[in-house]
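Below is protein.csv, which holds CSV, C-alpha atoms (C1' of nucleotides).
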chain,number,residue,atom,x,y,z
A,1,MET,CA,17.2,-11.8,9.6
A,2,ASN,CA,20.7,-10.2,9.4
A,3,SER,CA,23.8,-10.4,7.3
A,4,GLN,CA,24.9,-13.6,9.0
A,5,ASP,CA,21.8,-15.5,7.9
A,6,VAL,CA,22.0,-14.2,4.4
A,7,ILE,CA,25.7,-15.0,4.0
A,8,LEU,CA,25.2,-18.5,5.4
A,9,GLY,CA,22.4,-19.0,2.9
A,10,LEU,CA,24.5,-17.8,0.0
A,11,LEU,CA,27.3,-20.3,1.0
A,12,MET,CA,24.8,-23.2,1.1
A,13,LYS,CA,25.4,-24.0,-2.6
A,14,GLY,CA,29.2,-23.6,-2.6
A,15,GLY,CA,32.2,-21.6,-1.5
A,16,LEU,CA,32.4,-17.8,-2.1
A,17,SER,CA,34.7,-14.9,-1.3
A,18,GLY,CA,33.6,-11.7,0.4
A,19,TYR,CA,33.9,-10.0,-3.0
A,20,ASP,CA,31.7,-12.7,-4.6
A,21,ILE,CA,29.1,-12.3,-1.9
A,22,LYS,CA,28.9,-8.6,-2.4
A,23,HIS,CA,28.3,-9.1,-6.1
A,24,ARG,CA,25.6,-11.7,-5.5
A,25,LEU,CA,23.8,-9.3,-3.2
A,26,GLU,CA,24.0,-6.5,-5.7
A,27,SER,CA,22.6,-8.6,-8.6
A,28,ILE,CA,19.9,-11.1,-7.6
A,29,PHE,CA,19.3,-9.9,-4.1
A,30,SER,CA,19.4,-6.2,-4.3
A,31,TYR,CA,15.6,-5.9,-4.4
A,32,PHE,CA,15.1,-7.1,-0.8
A,33,TYR,CA,18.4,-7.1,0.9
A,34,ASN,CA,21.8,-5.5,0.7
A,35,ALA,CA,25.1,-5.2,2.7
A,36,SER,CA,28.3,-3.3,2.3
A,37,TYR,CA,31.9,-4.6,2.5
A,38,GLY,CA,32.0,-3.1,6.0
A,39,THR,CA,29.4,-5.6,7.0
A,40,ILE,CA,30.5,-8.6,4.9
A,41,TYR,CA,34.1,-9.0,5.9
A,42,PRO,CA,33.7,-8.6,9.6
A,43,THR,CA,30.7,-11.0,9.5
A,44,LEU,CA,32.8,-13.6,7.6
A,45,ASN,CA,35.5,-13.4,10.2
A,46,LYS,CA,33.0,-13.8,13.0
A,47,LEU,CA,31.3,-16.8,11.3
A,48,GLU,CA,34.8,-18.4,10.9
A,49,LYS,CA,35.6,-17.9,14.6
A,50,GLU,CA,32.3,-19.5,15.5
A,51,GLY,CA,33.0,-22.5,13.3
A,52,PHE,CA,30.1,-21.9,10.9
A,53,ILE,CA,32.4,-21.5,7.9
A,54,THR,CA,36.0,-22.3,7.0
A,55,LYS,CA,38.5,-20.1,5.1
A,56,MET,CA,40.7,-21.2,2.2
A,57,SER,CA,43.2,-19.0,0.5
A,58,VAL,CA,43.0,-19.4,-3.2
A,59,ILE,CA,45.9,-18.3,-5.3
A,60,GLN,CA,44.7,-16.9,-8.6
A,61,GLU,CA,46.6,-16.2,-11.8
A,62,GLY,CA,46.1,-12.7,-13.3
A,63,ARG,CA,44.2,-11.6,-10.2
A,64,PRO,CA,44.9,-11.0,-6.5
A,65,ASN,CA,44.5,-13.9,-4.2
A,66,LYS,CA,41.2,-14.4,-2.4
A,67,ASN,CA,39.7,-16.1,0.6
A,68,VAL,CA,37.0,-18.6,-0.3
A,69,TYR,CA,34.7,-19.5,2.5
A,70,THR,CA,32.9,-22.8,2.8
A,71,ILE,CA,30.0,-23.6,5.1
A,72,THR,CA,30.4,-26.3,7.7
A,73,GLU,CA,27.9,-28.8,9.2
A,74,GLU,CA,27.4,-26.4,12.1
A,75,GLY,CA,26.9,-23.6,9.7
A,76,ARG,CA,24.2,-25.6,7.9
A,77,ALA,CA,22.5,-26.3,11.2
A,78,GLN,CA,22.6,-22.6,12.0
A,79,PHE,CA,21.1,-21.6,8.7
A,80,SER,CA,18.3,-24.1,9.3
A,81,THR,CA,17.6,-22.6,12.7
A,82,TYR,CA,17.2,-19.2,10.9
A,83,LEU,CA,14.8,-20.7,8.3
A,84,LYS,CA,12.6,-22.1,11.1
A,85,SER,CA,12.7,-18.9,13.3
A,86,PRO,CA,9.7,-16.6,13.4
A,87,ILE,CA,9.4,-14.4,10.3
A,88,GLU,CA,10.2,-10.8,10.8
A,89,PRO,CA,7.9,-8.2,9.2
A,90,ASN,CA,9.1,-6.4,6.0
A,91,GLU,CA,10.9,-3.1,6.5
A,92,PHE,CA,10.3,-0.3,4.1
A,93,LYS,CA,11.6,3.2,4.3
A,94,SER,CA,11.0,5.6,1.5
A,95,ASP,CA,12.4,9.1,1.3
A,96,VAL,CA,10.4,9.9,-1.9
A,97,MET,CA,7.2,8.9,-0.4
A,98,THR,CA,7.9,10.9,2.7
A,99,ARG,CA,8.4,13.9,0.5
A,100,MET,CA,5.2,13.2,-1.3
A,101,PHE,CA,3.5,13.1,2.0
A,102,PHE,CA,4.8,16.5,2.8
A,103,GLY,CA,4.3,17.7,-0.7
A,104,GLU,CA,2.2,20.7,0.2
A,105,PHE,CA,5.4,22.4,1.6
A,106,LEU,CA,7.2,22.1,-1.7
A,107,GLU,CA,6.6,24.1,-4.9
A,108,LYS,CA,4.7,22.1,-7.5
A,109,ASP,CA,7.3,22.2,-10.2
A,110,VAL,CA,10.0,20.9,-7.8
A,111,MET,CA,7.7,18.2,-6.7
A,112,LEU,CA,6.9,17.3,-10.3
A,113,GLY,CA,10.6,17.1,-11.2
A,114,MET,CA,11.2,14.8,-8.2
A,115,LEU,CA,8.4,12.5,-9.2
A,116,GLU,CA,9.5,12.3,-12.9
A,117,ASP,CA,12.9,11.4,-11.6
A,118,HIS,CA,11.5,8.7,-9.4
A,119,LEU,CA,9.4,7.4,-12.2
A,120,GLN,CA,12.5,7.1,-14.4
A,121,LYS,CA,14.3,5.2,-11.6
A,122,ALA,CA,11.3,2.8,-11.3
A,123,ARG,CA,11.4,2.2,-15.1
A,124,ASP,CA,15.1,1.5,-14.9
A,125,ASN,CA,14.5,-0.9,-12.0
A,126,LEU,CA,11.8,-2.7,-13.9
A,127,ASN,CA,14.1,-3.2,-16.9
A,128,ARG,CA,16.9,-4.5,-14.6
A,129,LEU,CA,14.5,-7.0,-13.0
A,130,THR,CA,13.0,-8.2,-16.3
A,131,ASP,CA,16.5,-8.7,-17.7
A,132,MET,CA,17.5,-10.6,-14.7
A,133,TYR,CA,14.3,-12.7,-14.9
A,134,GLN,CA,15.1,-13.6,-18.5
A,135,ALA,CA,18.7,-14.4,-17.7
A,136,CYS,CA,18.2,-16.5,-14.6
A,137,MET,CA,14.9,-18.0,-15.5
A,138,PRO,CA,15.9,-21.6,-16.3
A,139,GLY,CA,18.0,-22.1,-13.2
A,140,MET,CA,15.6,-20.5,-10.7
A,141,SER,CA,13.7,-22.4,-8.0
A,142,PRO,CA,9.9,-22.0,-8.0
A,143,THR,CA,10.0,-19.7,-4.9
A,144,GLN,CA,12.9,-17.7,-6.4
A,145,GLU,CA,10.6,-17.2,-9.4
A,146,ILE,CA,7.8,-15.9,-7.1
A,147,CYS,CA,10.3,-13.6,-5.5
A,148,ILE,CA,11.3,-11.9,-8.7
A,149,GLN,CA,7.8,-11.9,-10.0
A,150,ILE,CA,6.7,-9.9,-7.0
A,151,GLY,CA,9.5,-7.5,-7.6
A,152,ILE,CA,8.5,-7.0,-11.2
A,153,SER,CA,4.8,-6.6,-10.5
A,154,ASN,CA,5.5,-4.1,-7.8
A,155,SER,CA,7.7,-2.1,-10.1
A,156,LYS,CA,4.9,-2.1,-12.7
A,157,SER,CA,2.3,-1.0,-10.2
A,158,VAL,CA,4.5,1.9,-9.0
A,159,ILE,CA,5.1,3.0,-12.6
A,160,GLU,CA,1.4,3.0,-13.4
A,161,THR,CA,0.2,4.7,-10.3
A,162,LEU,CA,2.9,7.3,-10.3
A,163,SER,CA,2.4,8.1,-14.0
A,164,GLN,CA,-1.3,8.7,-13.5
A,165,GLY,CA,-0.6,10.7,-10.4
A,166,ILE,CA,1.9,12.9,-12.2
A,167,GLU,CA,-0.7,13.6,-15.0
A,168,ARG,CA,-3.3,14.6,-12.5
A,169,LEU,CA,-0.8,16.9,-10.7
A,170,LYS,CA,0.1,18.6,-14.0
A,171,LYS,CA,-3.6,19.3,-14.6
A,172,THR,CA,-4.0,21.0,-11.2
A,173,ASN,CA,-0.9,23.0,-12.1
A,174,GLU,CA,-2.6,24.5,-15.2
A,175,LYS,CA,-5.3,26.1,-13.2
B,1,MET,CA,15.9,11.2,5.8
B,2,ASN,CA,15.8,10.4,9.4
B,3,SER,CA,13.5,10.8,12.4
B,4,GLN,CA,14.4,14.5,12.8
B,5,ASP,CA,13.2,15.3,9.3
B,6,VAL,CA,10.0,13.4,9.7
B,7,ILE,CA,9.2,14.9,13.1
B,8,LEU,CA,9.8,18.4,11.9
B,9,GLY,CA,7.5,17.7,9.0
B,10,LEU,CA,4.7,16.4,11.2
B,11,LEU,CA,5.0,19.6,13.4
B,12,MET,CA,4.7,21.9,10.3
B,13,LYS,CA,0.9,21.9,10.7
B,14,GLY,CA,0.7,22.3,14.4
B,15,GLY,CA,1.9,21.3,17.8
B,16,LEU,CA,2.1,17.6,18.8
B,17,SER,CA,3.4,15.6,21.8
B,18,GLY,CA,5.7,12.6,21.4
B,19,TYR,CA,2.8,10.3,22.0
B,20,ASP,CA,0.8,12.0,19.3
B,21,ILE,CA,3.7,11.7,16.9
B,22,LYS,CA,4.0,8.0,17.5
B,23,HIS,CA,0.3,7.6,16.7
B,24,ARG,CA,0.6,9.6,13.5
B,25,LEU,CA,3.5,7.5,12.4
B,26,GLU,CA,1.6,4.3,13.1
B,27,SER,CA,-1.5,5.3,11.2
B,28,ILE,CA,-1.0,7.4,8.0
B,29,PHE,CA,2.8,6.9,7.8
B,30,SER,CA,3.4,3.3,8.7
B,31,TYR,CA,3.6,2.2,5.1
B,32,PHE,CA,6.9,4.0,4.4
B,33,TYR,CA,8.3,5.1,7.7
B,34,ASN,CA,8.2,4.2,11.4
B,35,ALA,CA,9.9,5.1,14.7
B,36,SER,CA,9.8,3.9,18.3
B,37,TYR,CA,9.4,6.0,21.4
B,38,GLY,CA,13.1,5.3,22.0
B,39,THR,CA,13.8,7.4,18.9
B,40,ILE,CA,11.0,10.0,19.2
B,41,TYR,CA,11.6,11.3,22.7
B,42,PRO,CA,15.4,11.7,22.5
B,43,THR,CA,14.9,13.3,19.0
B,44,LEU,CA,12.4,15.8,20.4
B,45,ASN,CA,14.8,16.8,23.2
B,46,LYS,CA,17.6,17.2,20.7
B,47,LEU,CA,15.5,19.3,18.4
B,48,GLU,CA,14.5,21.5,21.3
B,49,LYS,CA,18.1,22.1,22.4
B,50,GLU,CA,19.0,23.0,18.8
B,51,GLY,CA,16.2,25.6,18.8
B,52,PHE,CA,14.1,23.9,16.0
B,53,ILE,CA,11.1,23.3,18.3
B,54,THR,CA,9.8,24.7,21.6
B,55,LYS,CA,8.2,22.7,24.4
B,56,MET,CA,5.0,23.6,26.2
B,57,SER,CA,3.6,21.6,29.1
B,58,VAL,CA,-0.1,21.1,28.8
B,59,ILE,CA,-2.1,20.2,31.9
B,60,GLN,CA,-5.0,17.9,30.9
B,61,GLU,CA,-8.0,16.8,32.9
B,62,GLY,CA,-8.7,13.1,33.1
B,63,ARG,CA,-5.3,12.4,31.6
B,64,PRO,CA,-1.6,12.7,32.4
B,65,ASN,CA,0.0,16.0,31.4
B,66,LYS,CA,1.8,16.2,28.2
B,67,ASN,CA,4.6,18.1,26.4
B,68,VAL,CA,3.4,19.7,23.2
B,69,TYR,CA,6.1,20.7,20.8
B,70,THR,CA,5.8,23.6,18.3
B,71,ILE,CA,8.1,24.2,15.4
B,72,THR,CA,10.1,27.5,15.3
B,73,GLU,CA,11.2,29.5,12.3
B,74,GLU,CA,14.6,27.8,12.4
B,75,GLY,CA,12.8,24.5,12.5
B,76,ARG,CA,10.8,25.4,9.4
B,77,ALA,CA,14.1,26.5,7.6
B,78,GLN,CA,15.7,23.2,8.7
B,79,PHE,CA,12.7,21.2,7.3
B,80,SER,CA,12.9,23.2,4.0
B,81,THR,CA,16.6,22.3,3.8
B,82,TYR,CA,15.7,18.6,4.1
B,83,LEU,CA,13.0,18.9,1.4
B,84,LYS,CA,15.6,20.4,-1.0
B,85,SER,CA,18.4,17.9,-0.2
B,86,PRO,CA,19.1,15.0,-2.6
B,87,ILE,CA,16.6,12.2,-2.4
B,88,GLU,CA,17.8,9.0,-0.8
B,89,PRO,CA,17.0,5.7,-2.5
B,90,ASN,CA,14.2,3.5,-1.0
B,91,GLU,CA,15.3,1.0,1.5
B,92,PHE,CA,13.6,-2.4,1.5
B,93,LYS,CA,14.4,-5.4,3.6
B,94,SER,CA,12.3,-8.5,3.4
B,95,ASP,CA,12.7,-11.5,5.6
B,96,VAL,CA,9.9,-13.4,3.8
B,97,MET,CA,11.4,-12.8,0.4
B,98,THR,CA,14.8,-13.8,1.6
B,99,ARG,CA,13.3,-17.1,2.7
B,100,MET,CA,11.6,-17.5,-0.6
B,101,PHE,CA,15.0,-17.0,-2.2
B,102,PHE,CA,16.4,-19.8,-0.1
B,103,GLY,CA,13.2,-21.8,-0.5
B,104,GLU,CA,14.9,-25.0,-1.8
B,105,PHE,CA,16.4,-25.5,1.7
B,106,LEU,CA,13.0,-25.6,3.3
B,107,GLU,CA,10.3,-28.3,3.1
B,108,LYS,CA,7.5,-27.4,0.7
B,109,ASP,CA,4.7,-27.6,3.2
B,110,VAL,CA,6.5,-25.3,5.7
B,111,MET,CA,7.2,-22.9,2.8
B,112,LEU,CA,3.5,-23.0,1.7
B,113,GLY,CA,2.4,-22.3,5.3
B,114,MET,CA,4.8,-19.3,5.4
B,115,LEU,CA,3.5,-18.0,2.1
B,116,GLU,CA,-0.2,-18.4,3.0
B,117,ASP,CA,0.6,-16.5,6.2
B,118,HIS,CA,2.3,-13.7,4.3
B,119,LEU,CA,-0.6,-13.5,1.9
B,120,GLN,CA,-3.0,-13.0,4.7
B,121,LYS,CA,-0.9,-10.2,6.1
B,122,ALA,CA,-0.8,-8.6,2.7
B,123,ARG,CA,-4.6,-8.8,2.5
B,124,ASP,CA,-5.0,-7.3,6.0
B,125,ASN,CA,-2.6,-4.6,5.0
B,126,LEU,CA,-4.6,-3.8,1.9
B,127,ASN,CA,-7.8,-3.5,3.9
B,128,ARG,CA,-6.1,-1.2,6.4
B,129,LEU,CA,-4.8,1.0,3.5
B,130,THR,CA,-8.2,1.2,1.7
B,131,ASP,CA,-10.0,2.0,5.0
B,132,MET,CA,-7.5,4.8,5.6
B,133,TYR,CA,-7.9,6.0,2.0
B,134,GLN,CA,-11.7,6.2,2.5
B,135,ALA,CA,-11.4,7.9,5.8
B,136,CYS,CA,-8.7,10.5,4.9
B,137,MET,CA,-9.7,11.0,1.3
B,138,PRO,CA,-11.3,14.5,1.5
B,139,GLY,CA,-8.5,16.1,3.6
B,140,MET,CA,-5.6,14.7,1.6
B,141,SER,CA,-3.2,16.7,-0.6
B,142,PRO,CA,-2.8,15.5,-4.2
B,143,THR,CA,0.6,14.0,-3.5
B,144,GLN,CA,-0.6,12.4,-0.3
B,145,GLU,CA,-3.2,10.7,-2.5
B,146,ILE,CA,-0.5,9.4,-4.8
B,147,CYS,CA,1.4,8.1,-1.8
B,148,ILE,CA,-1.5,6.0,-0.5
B,149,GLN,CA,-2.5,4.9,-4.0
B,150,ILE,CA,1.0,3.5,-4.5
B,151,GLY,CA,0.7,1.6,-1.3
B,152,ILE,CA,-2.7,0.2,-2.3
B,153,SER,CA,-1.6,-0.8,-5.8
B,154,ASN,CA,1.6,-2.4,-4.4
B,155,SER,CA,-0.4,-4.4,-1.9
B,156,LYS,CA,-2.8,-5.6,-4.6
B,157,SER,CA,0.1,-6.6,-6.9
B,158,VAL,CA,1.8,-8.6,-4.1
B,159,ILE,CA,-1.5,-10.4,-3.3
B,160,GLU,CA,-2.1,-11.3,-6.9
B,161,THR,CA,1.4,-12.5,-7.7
B,162,LEU,CA,1.7,-14.4,-4.4
B,163,SER,CA,-1.6,-16.1,-4.8
B,164,GLN,CA,-0.7,-17.3,-8.3
B,165,GLY,CA,2.7,-18.4,-7.0
B,166,ILE,CA,1.2,-20.4,-4.2
B,167,GLU,CA,-1.2,-22.2,-6.6
B,168,ARG,CA,1.7,-23.1,-8.9
B,169,LEU,CA,3.7,-24.4,-5.9
B,170,LYS,CA,0.8,-26.5,-4.8
B,171,LYS,CA,0.7,-28.2,-8.2
B,172,THR,CA,4.4,-29.1,-8.2
B,173,ASN,CA,3.7,-30.5,-4.7
B,174,GLU,CA,1.2,-33.0,-6.1
B,175,LYS,CA,3.7,-34.6,-8.4
C,1,DG,C1',51.4,5.5,-15.8
C,2,DT,C1',46.8,5.5,-14.9
C,3,DG,C1',42.2,3.9,-14.6
C,4,DG,C1',39.5,0.1,-13.6
C,5,DA,C1',38.3,-4.4,-12.0
C,6,DC,C1',39.6,-7.5,-8.4
C,7,DA,C1',40.3,-8.1,-3.4
C,8,DT,C1',40.4,-7.3,1.9
C,9,DG,C1',40.0,-5.0,5.8
C,10,DT,C1',39.3,-1.5,10.0
C,11,DA,C1',37.7,2.6,12.9
C,12,DA,C1',34.6,6.0,13.6
C,13,DT,C1',30.1,7.0,13.5
C,14,DC,C1',25.2,6.8,13.0
C,15,DT,C1',20.7,5.5,13.7
C,16,DG,C1',17.8,3.0,15.6
C,17,DT,C1',15.5,-0.8,18.6
C,18,DT,C1',14.5,-3.3,22.9
C,19,DA,C1',13.9,-3.6,27.4
C,20,DC,C1',13.4,-1.4,31.4
C,21,DA,C1',11.4,2.2,34.5
C,22,DT,C1',7.8,5.2,36.0
C,23,DG,C1',3.4,7.1,36.7
C,24,DA,C1',-1.6,9.2,36.0
C,25,DT,C1',-6.3,8.2,35.1
C,26,DT,C1',-10.5,5.7,33.7
C,27,DC,C1',-13.5,2.0,33.4
C,28,DA,C1',-15.3,-2.5,34.2
D,1,DT,C1',-8.2,-4.3,41.8
D,2,DG,C1',-6.6,-4.9,37.5
D,3,DA,C1',-6.4,-3.9,32.5
D,4,DA,C1',-6.3,-0.3,29.1
D,5,DT,C1',-5.0,4.0,27.5
D,6,DC,C1',-2.4,8.0,28.0
D,7,DA,C1',2.2,9.8,28.7
D,8,DT,C1',7.5,10.2,29.1
D,9,DG,C1',11.9,8.8,29.5
D,10,DT,C1',16.8,6.2,29.6
D,11,DA,C1',20.5,2.6,29.1
D,12,DA,C1',22.2,-1.1,26.8
D,13,DC,C1',22.8,-3.0,22.7
D,14,DA,C1',22.5,-4.1,17.8
D,15,DG,C1',23.3,-3.6,13.3
D,16,DA,C1',24.7,-1.3,9.9
D,17,DT,C1',27.2,2.5,6.8
D,18,DT,C1',31.0,5.5,5.5
D,19,DA,C1',35.4,6.8,4.9
D,20,DC,C1',39.7,5.4,5.1
D,21,DA,C1',43.6,2.3,4.1
D,22,DT,C1',46.0,-1.0,1.3
D,23,DG,C1',47.3,-3.7,-2.4
D,24,DT,C1',47.3,-6.9,-7.1
D,25,DC,C1',47.0,-7.2,-11.9
D,26,DC,C1',45.6,-6.0,-16.6
D,27,DA,C1',44.8,-3.2,-20.5
D,28,DC,C1',45.2,1.1,-22.8

When written as structure tokens, how does the structure in this file appear?
Amino acid sequence: MNSQDVILGLLMKGGLSGYDIKHRLESIFSYFYNASYGTIYPTLNKLEKEGFITKMSVIQEGRPNKNVYTITEEGRAQFSTYLKSPIEPNEFKSDVMTRMFFGEFLEKDVMLGMLEDHLQKARDNLNRLTDMYQACMPGMSPTQEICIQIGISNSKSVIETLSQGIERLKKTNEK
Amino acid sequence: MNSQDVILGLLMKGGLSGYDIKHRLESIFSYFYNASYGTIYPTLNKLEKEGFITKMSVIQEGRPNKNVYTITEEGRAQFSTYLKSPIEPNEFKSDVMTRMFFGEFLEKDVMLGMLEDHLQKARDNLNRLTDMYQACMPGMSPTQEICIQIGISNSKSVIETLSQGIERLKKTNEK
DNA sequence: GTGGACATGTAATCTGTTACATGATTCA
DNA sequence: TGAATCATGTAACAGATTACATGTCCAC
């Protein structure tokens, strides 16, 4: 899975600009994939050259013009090839957890501050996801719903486990 | 956080070879970080050139020789710098979840097969983590314990949410 | 006139993986 | 003799990010 597959997927339901794609990725998608403009625009150009999408310049009023890309039949076939390819394992990389792993080399109060901070981020993330769930709920496909439910339950489990861990750490601190 | 930081961290408690490091990463670490030999060996050479670690050739009986690397004072200082640097956000990339997101473009039975498969992998992963928890439990630092507890509770939450999702999907299939 | 949303793009760089290449030693 | 484990390394490539560069249009 790479940016090409994801972009083709996003175009399956209608034309989008690079800017639109970035915003889609940031909202719905951000939990399990992301890409920067430095990836999106070159990928769109590449996909157009390969005939998987076509470009249309759209003149807008009150805004700069934009390039709206539409998927072609070849593009749909290509996306279908991706969907049938072997699934790649999840990739997860966590700086916070790495620091927790090496926690014995850091002062306890610094570590506690770090964990509290991370906990707050997890709470914010949970709120973001539940808001999104509420907002998108009616229009979501069954598997999209599973997707966001996994995100939500994962967030909850991190919050719970981390809170308990912090409390335990604080107690060892008192000694 | 990159391979340099992680390798220095692993050397904080004693000398290791590249091969040892790979195995450490695969066992304890694999939940939140990983690296290939193609990263480990060049990184070790780079760290040695920079004076953060020193190499010692160890002649073994019944096995090929190996290079054991030891962290220097400069290396410890460098690792400490990492621990005090701003925390980078988690990175998560999931092919399965991307496919779930685009589930409407895939036949239901194919999707179900994919999800069952993923569920099994999640169960295997949970078993691996709980075994590791049992095995390493006495020697773990408090924050290491939090680390693995988060891994375990996340695995459990994925299994539960996914199982329920699969059941729901099956019902919509019958209609 | 300035900040912010909208909009597109490139060059340099980073960081890593994969595939290849080699070789010792043990055990069945 | 061949597979498995131990052990090290490199070259080609992939895939992305960051920083830079540019510009429109609106509202304050």

Show me, as a short mmCIF file (atom, residue, chain, number, x, y, z; two decimals) with C-alpha atoms (C1' of nucleotides), in the frame of the given file, every residue of chain C with an atom at most 9 Å from chain A, counting only C-alpha atoms (C1' of nucleotides).
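To be explicit, this is the file written out as part_1.cif:
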data_model
loop_
_atom_site.label_atom_id
_atom_site.label_comp_id
_atom_site.auth_asym_id
_atom_site.auth_seq_id
_atom_site.Cartn_x
_atom_site.Cartn_y
_atom_site.Cartn_z
"C1'" DC C 6 39.60 -7.50 -8.40
"C1'" DA C 7 40.30 -8.10 -3.40
"C1'" DT C 8 40.40 -7.30 1.90
"C1'" DG C 9 40.00 -5.00 5.80
"C1'" DT C 10 39.30 -1.50 10.00
#

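What separates atom CA of Glu167 of chain B from atom CA of Gly139 of chain A is a distance of 20.3 Å.
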
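Interface residues of chain D facing chain B, defined by any atom at most 9 Å away and using all atoms listed in the file, are DC6, DA7, DT8, DG9 and DT10 of chain D.
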
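Computed from the coordinates, the atom CA of Glu26 of chain A to atom CA of Asp131 of chain A distance equals 14.3 Å.
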
Considering all atoms listed in the file, tabulate each residue of chain A that lies at most 7 Å from chain B along with its nearest interatomic pair and the corresponding distance in Å to one decimal; arrange the rows by chain and ascending residue number and present them as JSON lines.
{"residue": "A:Met1", "atom": "CA", "partner": "B:Asp95", "partner_atom": "CA", "distance": 6.0}
{"residue": "A:Gly9", "atom": "CA", "partner": "B:Phe102", "partner_atom": "CA", "distance": 6.8}
{"residue": "A:Phe32", "atom": "CA", "partner": "B:Lys93", "partner_atom": "CA", "distance": 4.8}
{"residue": "A:Tyr33", "atom": "CA", "partner": "B:Lys93", "partner_atom": "CA", "distance": 5.1}
{"residue": "A:Leu83", "atom": "CA", "partner": "B:Arg99", "partner_atom": "CA", "distance": 6.8}
{"residue": "A:Ile87", "atom": "CA", "partner": "B:Asp95", "partner_atom": "CA", "distance": 6.4}
{"residue": "A:Glu88", "atom": "CA", "partner": "B:Asp95", "partner_atom": "CA", "distance": 5.8}
{"residue": "A:Pro89", "atom": "CA", "partner": "B:Asp95", "partner_atom": "CA", "distance": 6.8}
{"residue": "A:Asn90", "atom": "CA", "partner": "B:Ser94", "partner_atom": "CA", "distance": 4.6}
{"residue": "A:Glu91", "atom": "CA", "partner": "B:Lys93", "partner_atom": "CA", "distance": 5.1}
{"residue": "A:Phe92", "atom": "CA", "partner": "B:Phe92", "partner_atom": "CA", "distance": 4.7}
{"residue": "A:Lys93", "atom": "CA", "partner": "B:Phe32", "partner_atom": "CA", "distance": 4.8}
{"residue": "A:Ser94", "atom": "CA", "partner": "B:Asn90", "partner_atom": "CA", "distance": 4.6}
{"residue": "A:Asp95", "atom": "CA", "partner": "B:Glu88", "partner_atom": "CA", "distance": 5.8}
{"residue": "A:Val96", "atom": "CA", "partner": "B:Ile87", "partner_atom": "CA", "distance": 6.6}
{"residue": "A:Met97", "atom": "CA", "partner": "B:Cys147", "partner_atom": "CA", "distance": 6.0}
{"residue": "A:Arg99", "atom": "CA", "partner": "B:Leu83", "partner_atom": "CA", "distance": 6.9}
{"residue": "A:Met100", "atom": "CA", "partner": "B:Thr143", "partner_atom": "CA", "distance": 5.2}
{"residue": "A:Phe101", "atom": "CA", "partner": "B:Gln144", "partner_atom": "CA", "distance": 4.8}
{"residue": "A:Phe102", "atom": "CA", "partner": "B:Gly9", "partner_atom": "CA", "distance": 6.9}
{"residue": "A:Gly103", "atom": "CA", "partner": "B:Thr143", "partner_atom": "CA", "distance": 5.9}
{"residue": "A:Glu104", "atom": "CA", "partner": "B:Ser141", "partner_atom": "CA", "distance": 6.8}
{"residue": "A:Ser141", "atom": "CA", "partner": "B:Glu104", "partner_atom": "CA", "distance": 6.8}
{"residue": "A:Pro142", "atom": "CA", "partner": "B:Leu169", "partner_atom": "CA", "distance": 7.0}
{"residue": "A:Thr143", "atom": "CA", "partner": "B:Met100", "partner_atom": "CA", "distance": 5.1}
{"residue": "A:Gln144", "atom": "CA", "partner": "B:Phe101", "partner_atom": "CA", "distance": 4.7}
{"residue": "A:Ile146", "atom": "CA", "partner": "B:Gly165", "partner_atom": "CA", "distance": 5.7}
{"residue": "A:Cys147", "atom": "CA", "partner": "B:Met97", "partner_atom": "CA", "distance": 6.1}
{"residue": "A:Gln149", "atom": "CA", "partner": "B:Thr161", "partner_atom": "CA", "distance": 6.8}
{"residue": "A:Ile150", "atom": "CA", "partner": "B:Val158", "partner_atom": "CA", "distance": 5.8}
{"residue": "A:Ser153", "atom": "CA", "partner": "B:Ser157", "partner_atom": "CA", "distance": 5.9}
{"residue": "A:Asn154", "atom": "CA", "partner": "B:Asn154", "partner_atom": "CA", "distance": 5.4}
{"residue": "A:Ser157", "atom": "CA", "partner": "B:Ser153", "partner_atom": "CA", "distance": 5.9}
{"residue": "A:Val158", "atom": "CA", "partner": "B:Ile150", "partner_atom": "CA", "distance": 5.9}
{"residue": "A:Thr161", "atom": "CA", "partner": "B:Ile150", "partner_atom": "CA", "distance": 6.0}
{"residue": "A:Leu162", "atom": "CA", "partner": "B:Ile146", "partner_atom": "CA", "distance": 6.8}
{"residue": "A:Gly165", "atom": "CA", "partner": "B:Ile146", "partner_atom": "CA", "distance": 5.7}
{"residue": "A:Leu169", "atom": "CA", "partner": "B:Pro142", "partner_atom": "CA", "distance": 6.9}

Exercise. Need the neighbours of (39.9, 1.7, 5.1): which residues are at most 9 Å away, counting only C-alpha atoms (C1' of nucleotides), as a PyMOL selection string?
Worked result: (chain C and resi 9-11) or (chain D and resi 19-22)

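Taking atom C1' of DG3 of chain C and atom C1' of DA27 of chain D as the two end points, the separation is 9.6 Å.
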
Need the neighbours of (3.8, 19.4, 18.5): which residues are at most 7 Å away, counting all atoms listed in the file, as a short mmCIF file (atom, residue, chain, number, x, y, z; two decimals) with C-alpha atoms, in the frame of the given file?
data_model
loop_
_atom_site.label_atom_id
_atom_site.label_comp_id
_atom_site.auth_asym_id
_atom_site.auth_seq_id
_atom_site.Cartn_x
_atom_site.Cartn_y
_atom_site.Cartn_z
CA LEU B 11 5.00 19.60 13.40
CA GLY B 14 0.70 22.30 14.40
CA GLY B 15 1.90 21.30 17.80
CA LEU B 16 2.10 17.60 18.80
CA SER B 17 3.40 15.60 21.80
CA VAL B 68 3.40 19.70 23.20
CA TYR B 69 6.10 20.70 20.80
CA THR B 70 5.80 23.60 18.30
#
